[in-house]
Each structure stands twice: as C-alpha cells, then as structure tokens.
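Source file: query-v8.cif (mmCIF, C-alpha atoms)
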data_query
#
loop_
_atom_site.label_atom_id
_atom_site.label_comp_id
_atom_site.auth_asym_id
_atom_site.auth_seq_id
_atom_site.Cartn_x
_atom_site.Cartn_y
_atom_site.Cartn_z
CA MET A 24 51.45 114.53 -89.70
CA LEU A 25 52.34 112.90 -86.37
CA LYS A 26 55.59 114.85 -86.23
CA ARG A 27 53.71 118.14 -86.74
CA CYS A 28 51.23 117.26 -83.96
CA GLY A 29 54.13 116.46 -81.65
CA ILE A 30 55.71 119.86 -82.24
CA ILE A 31 52.40 121.65 -81.55
CA LEU A 32 51.91 119.64 -78.34
CA PHE A 33 55.46 120.54 -77.18
CA PHE A 34 54.81 124.28 -77.54
CA LEU A 35 51.45 124.00 -75.79
CA LEU A 36 53.17 122.37 -72.82
CA LEU A 37 55.65 125.24 -72.66
CA LEU A 38 52.75 127.69 -72.35
CA VAL A 39 50.99 125.90 -69.47
CA LEU A 40 53.99 124.80 -67.38
CA PRO A 41 54.80 127.12 -64.40
CA ALA A 42 57.69 129.53 -64.87
CA GLU A 43 60.84 128.69 -62.91
CA SER A 44 63.36 130.99 -61.32
CA LYS A 45 67.10 130.77 -61.86
CA THR A 46 67.37 128.51 -58.80
CA GLY A 47 65.02 125.98 -60.39
CA GLU A 48 62.16 126.67 -57.93
CA SER A 49 58.67 127.54 -59.13
CA LYS A 50 57.65 131.15 -58.57
CA PRO A 51 55.06 131.46 -55.80
CA ALA A 52 51.48 132.20 -56.77
CA GLU A 53 50.12 135.67 -56.01
CA SER A 54 47.88 134.26 -53.28
CA GLU A 55 50.94 132.84 -51.51
CA GLU A 56 52.68 136.20 -51.65
CA GLU A 57 49.63 137.94 -50.20
CA SER A 58 49.48 135.51 -47.26
CA ALA A 59 52.75 136.96 -45.93
CA VAL A 60 51.04 140.32 -45.26
CA GLU A 61 49.21 140.85 -41.97
CA ASN A 62 46.01 142.85 -42.41
CA HIS A 63 44.28 144.35 -39.38
CA PHE A 64 41.29 146.70 -39.17
CA TYR A 65 39.42 148.50 -36.43
CA THR A 66 35.87 149.87 -36.46
CA SER A 67 34.64 152.16 -33.70
CA GLU A 68 31.46 151.05 -31.91
CA ASP A 69 29.52 154.10 -33.10
CA CYS A 70 30.90 154.07 -36.65
CA PRO A 71 28.18 154.18 -39.35
CA ILE A 72 29.93 151.38 -41.26
CA ILE A 73 31.44 148.02 -40.28
CA VAL A 74 34.63 146.83 -42.00
CA THR A 75 34.40 143.09 -42.73
CA GLU A 76 37.57 142.32 -44.72
CA LEU A 77 40.92 143.82 -45.71
CA GLN A 78 43.41 142.58 -48.29
CA SER A 79 46.72 144.17 -49.28
CA HIS A 80 50.01 143.36 -50.97
CA TRP A 81 52.89 145.04 -52.78
CA GLN A 82 52.66 144.99 -56.58
CA ASP A 83 55.62 145.56 -58.87
CA PHE A 84 55.60 147.76 -61.96
CA ARG A 85 54.37 145.99 -65.07
CA PRO A 86 54.49 147.77 -68.44
CA PRO A 87 51.74 147.16 -71.02
CA LYS A 88 52.65 144.47 -73.54
CA ALA A 89 51.12 142.40 -76.29
CA ASP A 90 50.28 138.75 -75.76
CA PHE A 91 50.70 135.92 -78.28
CA TRP A 92 47.60 137.02 -80.16
CA GLY A 93 48.59 140.70 -80.31
CA LYS A 94 46.14 141.84 -77.63
CA ILE A 95 47.61 144.51 -75.33
CA LYS A 96 47.71 143.49 -71.68
CA GLN A 97 47.16 146.33 -69.24
CA GLY A 98 50.18 147.39 -67.20
CA GLN A 99 50.22 148.29 -63.52
CA LEU A 100 51.89 150.91 -61.35
CA PRO A 101 54.11 149.89 -58.41
CA GLY A 102 52.70 150.37 -54.93
CA ILE A 103 50.70 148.83 -52.10
CA TRP A 104 47.32 147.62 -53.32
CA CYS A 105 44.47 147.49 -50.77
CA LYS A 106 40.93 146.17 -50.99
CA CYS A 107 38.42 146.88 -48.22
CA SER A 108 34.94 145.36 -47.79
CA PHE A 109 32.35 146.97 -45.52
CA ASN A 110 28.61 147.20 -44.89
CA LEU A 111 26.15 149.77 -43.57
CA PRO A 112 24.00 148.42 -40.72
CA ASP A 113 20.39 149.65 -40.87
CA GLU A 114 20.24 150.38 -37.15
CA ARG A 115 23.21 152.78 -36.98
CA HIS A 116 22.77 156.55 -37.27
CA GLY A 117 19.13 156.26 -38.25
CA GLY A 118 19.86 154.48 -41.51
CA LYS A 119 21.35 157.56 -43.17
CA GLU A 120 22.76 157.28 -46.68
CA ILE A 121 26.46 158.09 -47.06
CA LEU A 122 28.21 160.23 -49.67
CA GLY A 123 31.82 159.55 -48.72
CA ILE A 124 34.11 157.81 -46.21
CA LYS A 125 37.66 158.50 -45.10
CA PHE A 126 39.89 155.63 -43.97
CA GLY A 127 43.19 155.88 -42.12
CA LEU A 128 45.96 153.59 -43.38
CA TRP A 129 49.20 152.58 -41.65
CA TYR A 130 51.87 150.55 -43.42
CA PHE A 131 54.69 148.72 -41.59
CA ASN A 132 57.73 146.80 -42.79
CA ALA A 133 59.29 143.54 -41.60
CA PHE A 134 61.12 145.40 -38.82
CA ASP A 135 57.87 146.80 -37.35
CA GLU A 136 58.85 150.25 -38.61
CA LEU A 137 56.18 152.64 -39.83
CA LEU A 138 56.42 153.08 -43.60
CA GLY A 139 53.76 155.74 -43.83
CA VAL A 140 50.42 157.18 -42.70
CA TYR A 141 47.82 157.83 -45.38
CA VAL A 142 44.17 158.68 -45.98
CA ALA A 143 42.06 156.64 -48.41
CA TYR A 144 38.71 157.84 -49.72
CA ALA A 145 35.63 155.76 -50.52
CA GLY A 146 33.05 157.39 -52.74
CA GLY A 147 32.12 157.81 -56.34
CA GLY A 148 32.60 161.55 -56.65
CA GLY A 149 28.90 162.07 -56.10
CA LYS A 150 27.98 159.30 -58.55
CA GLU A 151 27.51 156.59 -55.91
CA ILE A 152 25.64 156.74 -52.62
CA PHE A 153 26.30 154.10 -49.96
CA LYS A 154 22.94 152.78 -48.74
CA PRO A 155 22.15 151.01 -45.44
CA GLY A 156 21.78 147.24 -45.54
CA GLN A 157 24.20 146.75 -48.44
CA GLU A 158 27.78 145.46 -48.83
CA TYR A 159 30.49 147.46 -50.61
CA THR A 160 34.14 147.14 -51.64
CA GLN A 161 36.76 149.80 -52.37
CA GLU A 162 40.29 149.48 -53.78
CA TRP A 163 43.30 151.81 -53.50
CA LEU A 164 46.90 151.92 -54.65
CA THR A 165 49.46 153.82 -52.57
CA ASN A 166 52.61 154.62 -54.54
CA LYS A 167 53.60 158.12 -53.42
CA ASP A 168 56.84 157.29 -51.59
CA ASP A 169 59.96 155.40 -52.61
CA ASN A 170 60.16 153.62 -49.24
CA LEU A 171 56.93 151.72 -49.91
CA GLY A 172 58.44 148.54 -51.25
CA PRO A 173 58.45 144.76 -50.95
CA THR A 174 59.45 145.09 -47.27
CA HIS A 175 55.80 145.98 -46.57
CA CYS A 176 54.45 143.33 -44.18
CA ARG A 177 51.52 144.84 -42.30
CA THR A 178 48.54 147.04 -43.11
CA ILE A 179 46.24 148.66 -40.55
CA LEU A 180 42.97 150.28 -41.64
CA PHE A 181 40.24 152.17 -39.76
CA PRO A 182 37.33 154.39 -40.86
CA TYR A 183 37.54 157.78 -39.18
CA GLN A 184 35.22 160.17 -40.99
CA VAL A 185 31.87 159.80 -42.75
CA ARG A 186 29.90 162.42 -44.67
CA PHE A 187 26.16 161.66 -44.87
CA LYS A 188 23.84 162.59 -47.72
CA ASP A 189 22.21 165.24 -45.51
CA ARG A 190 25.68 166.90 -45.24
CA THR A 191 26.17 166.03 -41.56
CA SER A 192 29.34 164.17 -40.52
CA TRP A 193 30.60 161.52 -38.14
CA VAL A 194 34.20 161.67 -36.91
CA ALA A 195 35.95 158.93 -34.90
CA ASP A 196 37.73 159.47 -31.59
CA PHE A 197 41.36 158.54 -32.24
CA GLU A 198 42.19 157.64 -28.63
CA PRO A 199 40.31 154.26 -28.64
CA ILE A 200 41.96 153.40 -31.97
CA PHE A 201 45.39 154.15 -30.52
CA ASP A 202 44.60 152.08 -27.39
CA TRP A 203 43.45 149.15 -29.53
CA PHE A 204 46.63 149.30 -31.58
CA THR A 205 49.05 149.46 -28.64
CA GLU A 206 47.19 146.98 -26.41
CA THR A 207 46.05 144.38 -28.95
CA LEU A 208 49.06 144.40 -31.30
CA GLU A 209 52.02 144.01 -28.96
CA TRP A 210 54.60 144.86 -31.61
CA GLY A 211 53.11 148.39 -31.77
CA LYS A 212 53.43 149.28 -28.09
CA ASP A 213 56.47 151.53 -28.62
CA PHE A 214 54.69 153.94 -30.98
CA LYS A 215 53.57 157.36 -29.84
CA TYR A 216 50.20 158.92 -30.58
CA GLU A 217 51.84 161.63 -32.69
CA ASP A 218 53.53 158.97 -34.86
CA LEU A 219 50.24 157.40 -35.88
CA PHE A 220 47.99 160.48 -35.99
CA PRO A 221 50.11 163.32 -37.40
CA GLU A 222 48.19 166.58 -37.83
CA LYS A 223 49.51 166.98 -41.37
CA VAL A 224 47.49 163.88 -42.34
CA PHE A 225 44.44 163.88 -40.07
CA GLY A 226 44.28 167.51 -38.99
CA GLY A 227 44.13 168.90 -35.44
CA LYS A 228 41.40 168.45 -32.83
CA GLU A 229 39.94 171.85 -33.72
CA GLU A 230 39.43 170.76 -37.32
CA LYS A 231 37.76 167.52 -36.24
CA GLU A 232 35.37 169.41 -33.98
CA GLU A 233 34.37 171.72 -36.84
CA THR A 234 33.49 168.79 -39.12
CA ALA A 235 31.61 166.80 -36.46
#

Go ahead and express the file in the form of structure tokens.
Amino acid sequence: MLKRCGIILFFLLLLVLPAESKTGESKPAESEEESAVENHFYTSEDCPIIVTELQSHWQDFRPPKADFWGKIKQGQLPGIWCKCSFNLPDERHGGKEILGIKFGLWYFNAFDELLGVYVAYAGGGGKEIFKPGQEYTQEWLTNKDDNLGPTHCRTILFPYQVRFKDRTSWVADFEPIFDWFTETLEWGKDFKYEDLFPEKVFGGKEEKEETA
C-alpha cells in the first residue's frame, strides 16, 4: 500500500514541477515574457474616449490537444495579441453613446524598425453600444504578415476615429500624434509622417474630412 502511494505521489510531483528547457533553466512565465514588450498609447485631448491601459505580446501557434482527462484544450493562432482598456468620460462630446471606434496600431522590432501599421476596431457589430461613464476592454490578434514574429518589442496605439450612435463622427488630427511620437519617444525621431500614416491604411485627408 505504501509503495503504491509513493508511486502516485511521484507522478503528481511530475505534473506540478515547472518544465525545464534543454539547458536546464526553467521556462519563463508568460508575465515575464510580456514585460519585455514596451506598450505606449496616445489619446488626443478632444478624443471621446481615454485609453487607460495597453498590453501586448507575441503568441506562438498552439494546436488543440487533449489533456490528461481527455478534455480538448483550445488552440491559438500565431500573432501579436493586444488588449486595450478605455473609458468614456461623461463630459466629452455631450455624453454621446458610441457605436464603434478605430484604433491605429504600430508594431516595432528590437532594432526600432517598423513591423507594420494596422487598424483595430472596437465594437460589437451593432450588438454593443459604448456608454459614457463606463470602462471597457477590447482584444485583437494581428497575424496577417510573416514578419510579425518574436522580434516584436514595442506596440503603439492611438484612437483616431469614433462613430457615435447618432451617426456623427469624430476624427483625430494625425499631426499631434506624429509630434508626440517623434518628440517623446526618441528612438522614433527618424521616422517620416508617411511611414506611420500611409494612405492605404488610414486614407487621405479628403476622406477624413468627409467622415468628420
């Protein structure tokens, strides 16, 4: 009986001990991996929302698989995962309710090179309305390009367009965002406006004026 208990205890210890790499070092926890990524966000003074937190990290591909009990664990696609928290101040824009929000996203690698410029959408496809005085979170996964990989080290996020429930819109001025980026983040001073705000992603000034 004691021998059987000892065998069961041995296998239980194997399950709870941290996995080790081939070098004998424990694999870092996910929170430690995330800490290596710099997350920065900018909110214009007249923006209807205020961004309060940004998290991001690269996640590897993980296929679905069964655990010890036969339950299927959900897999995951490779890409850069982002989570943004924001609120809607009551005093801005007359307390209008919001249908949808567009965020600009910039990803950079360890060499301060731009990995990509993207647009992320916040909204429930008409099922959710963002109401003043409340806190919200949105998550995205960017996995469109092969060059988005573990070299990702920095994420920049900024809201740039809002569509209100009454169908009117707010659109950010990109110039202050560009000035903030080049003046506050010294490693970005060599970038040109066209690099960060390509028309193929954000559209031209004429398009912004039409949606304002």

Minimum-distance residue to Ile121 of chain A, chosen among A:Lys106, A:Lys167, A:Arg85, A:Lys154 (using all atoms listed in the file):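 The closest residue to Ile121 of chain A is A:Lys154.
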
Would you compute, for all listed atoms of segment 135-142 of chain A, the axis-aligned bounding box grown by 6 Å on each side, and then report its centre and edge lengths in Å rounded to one decimal, as JSON?
{"center_x": 51.5, "center_y": 152.7, "center_z": -41.7, "size_x": 26.7, "size_y": 23.9, "size_z": 20.6}

Hits of the PyMOL selection byres ((chain A and resi 131-134) around 12) in this structure, as a PyMOL selection string: chain A and resi 59-63+79-81+103+128-130+135-140+170-180+210-211+214+219

Shell of 10 Å around Ala145 of chain A, all atoms listed in the file, local chain residues under 5 positions omitted, as a PyMOL selection string: chain A and resi 107+122-126+151+153+159-163+182+185

A:Val142, A:Pro155, A:Phe109, A:Asp202 ranked by distance to Tyr183 of chain A, top pick (using only C-alpha atoms):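 Closest residue, counting only C-alpha atoms: A:Val142.
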
Atom pair atom CA of Gln82 of chain A / atom CA of Lys215 of chain A: separation (Å):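 Taking atom CA of Gln82 of chain A and atom CA of Lys215 of chain A, their separation equals 29.5 Å.
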
Distance of atom CA of Phe64 of chain A from atom CA of Thr207 of chain A, expressed in Å to one decimal place: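 Between atom CA of Thr207 of chain A and atom CA of Phe64 of chain A the gap works out to 11.5 Å.
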
Selected residue, from A:Ala143, A:Glu222, A:Thr205, A:Gly118, that lies nearest to Asp189 of chain A when counting only C-alpha atoms: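 Closest to Asp189 of chain A, using only C-alpha atoms: A:Gly118.
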
Expansion of the PyMOL selection byres ((chain A and resi 84) around 7) into residues, as a VMD selection string: chain A and resid 82 to 83 85 to 86 99 to 101

Gap from atom CA of Thr66 of chain A to atom CA of Phe181 of chain A - Å, one decimal: 5.9 Å

Could you spell out the hits of the PyMOL selection byres ((chain A and resi 113) around 10) on the shown file, as a CSV table (one decimal) with C-alpha atoms, keeping the file's coordinate frame?
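Listing of part-v8.csv after writing:
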chain,number,residue,atom,x,y,z
A,71,PRO,CA,28.2,154.2,-39.4
A,72,ILE,CA,29.9,151.4,-41.3
A,110,ASN,CA,28.6,147.2,-44.9
A,111,LEU,CA,26.2,149.8,-43.6
A,112,PRO,CA,24.0,148.4,-40.7
A,114,GLU,CA,20.2,150.4,-37.2
A,115,ARG,CA,23.2,152.8,-37.0
A,116,HIS,CA,22.8,156.6,-37.3
A,117,GLY,CA,19.1,156.3,-38.2
A,118,GLY,CA,19.9,154.5,-41.5
A,119,LYS,CA,21.4,157.6,-43.2
A,120,GLU,CA,22.8,157.3,-46.7
A,154,LYS,CA,22.9,152.8,-48.7
A,155,PRO,CA,22.2,151.0,-45.4
A,156,GLY,CA,21.8,147.2,-45.5
A,157,GLN,CA,24.2,146.8,-48.4

Which of A:Thr191, A:Gln184, A:Thr75, A:Ser67 sits closest to Glu158 of chain A [using all atoms listed in the file]: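 Once distances to Glu158 of chain A are computed over all atoms listed in the file, the minimum belongs to A:Thr75.
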
Nearest-residue call for Gly146 of chain A, choices A:Leu164, A:Phe187, A:Val194, A:Ile200, using all atoms listed in the file: A:Phe187
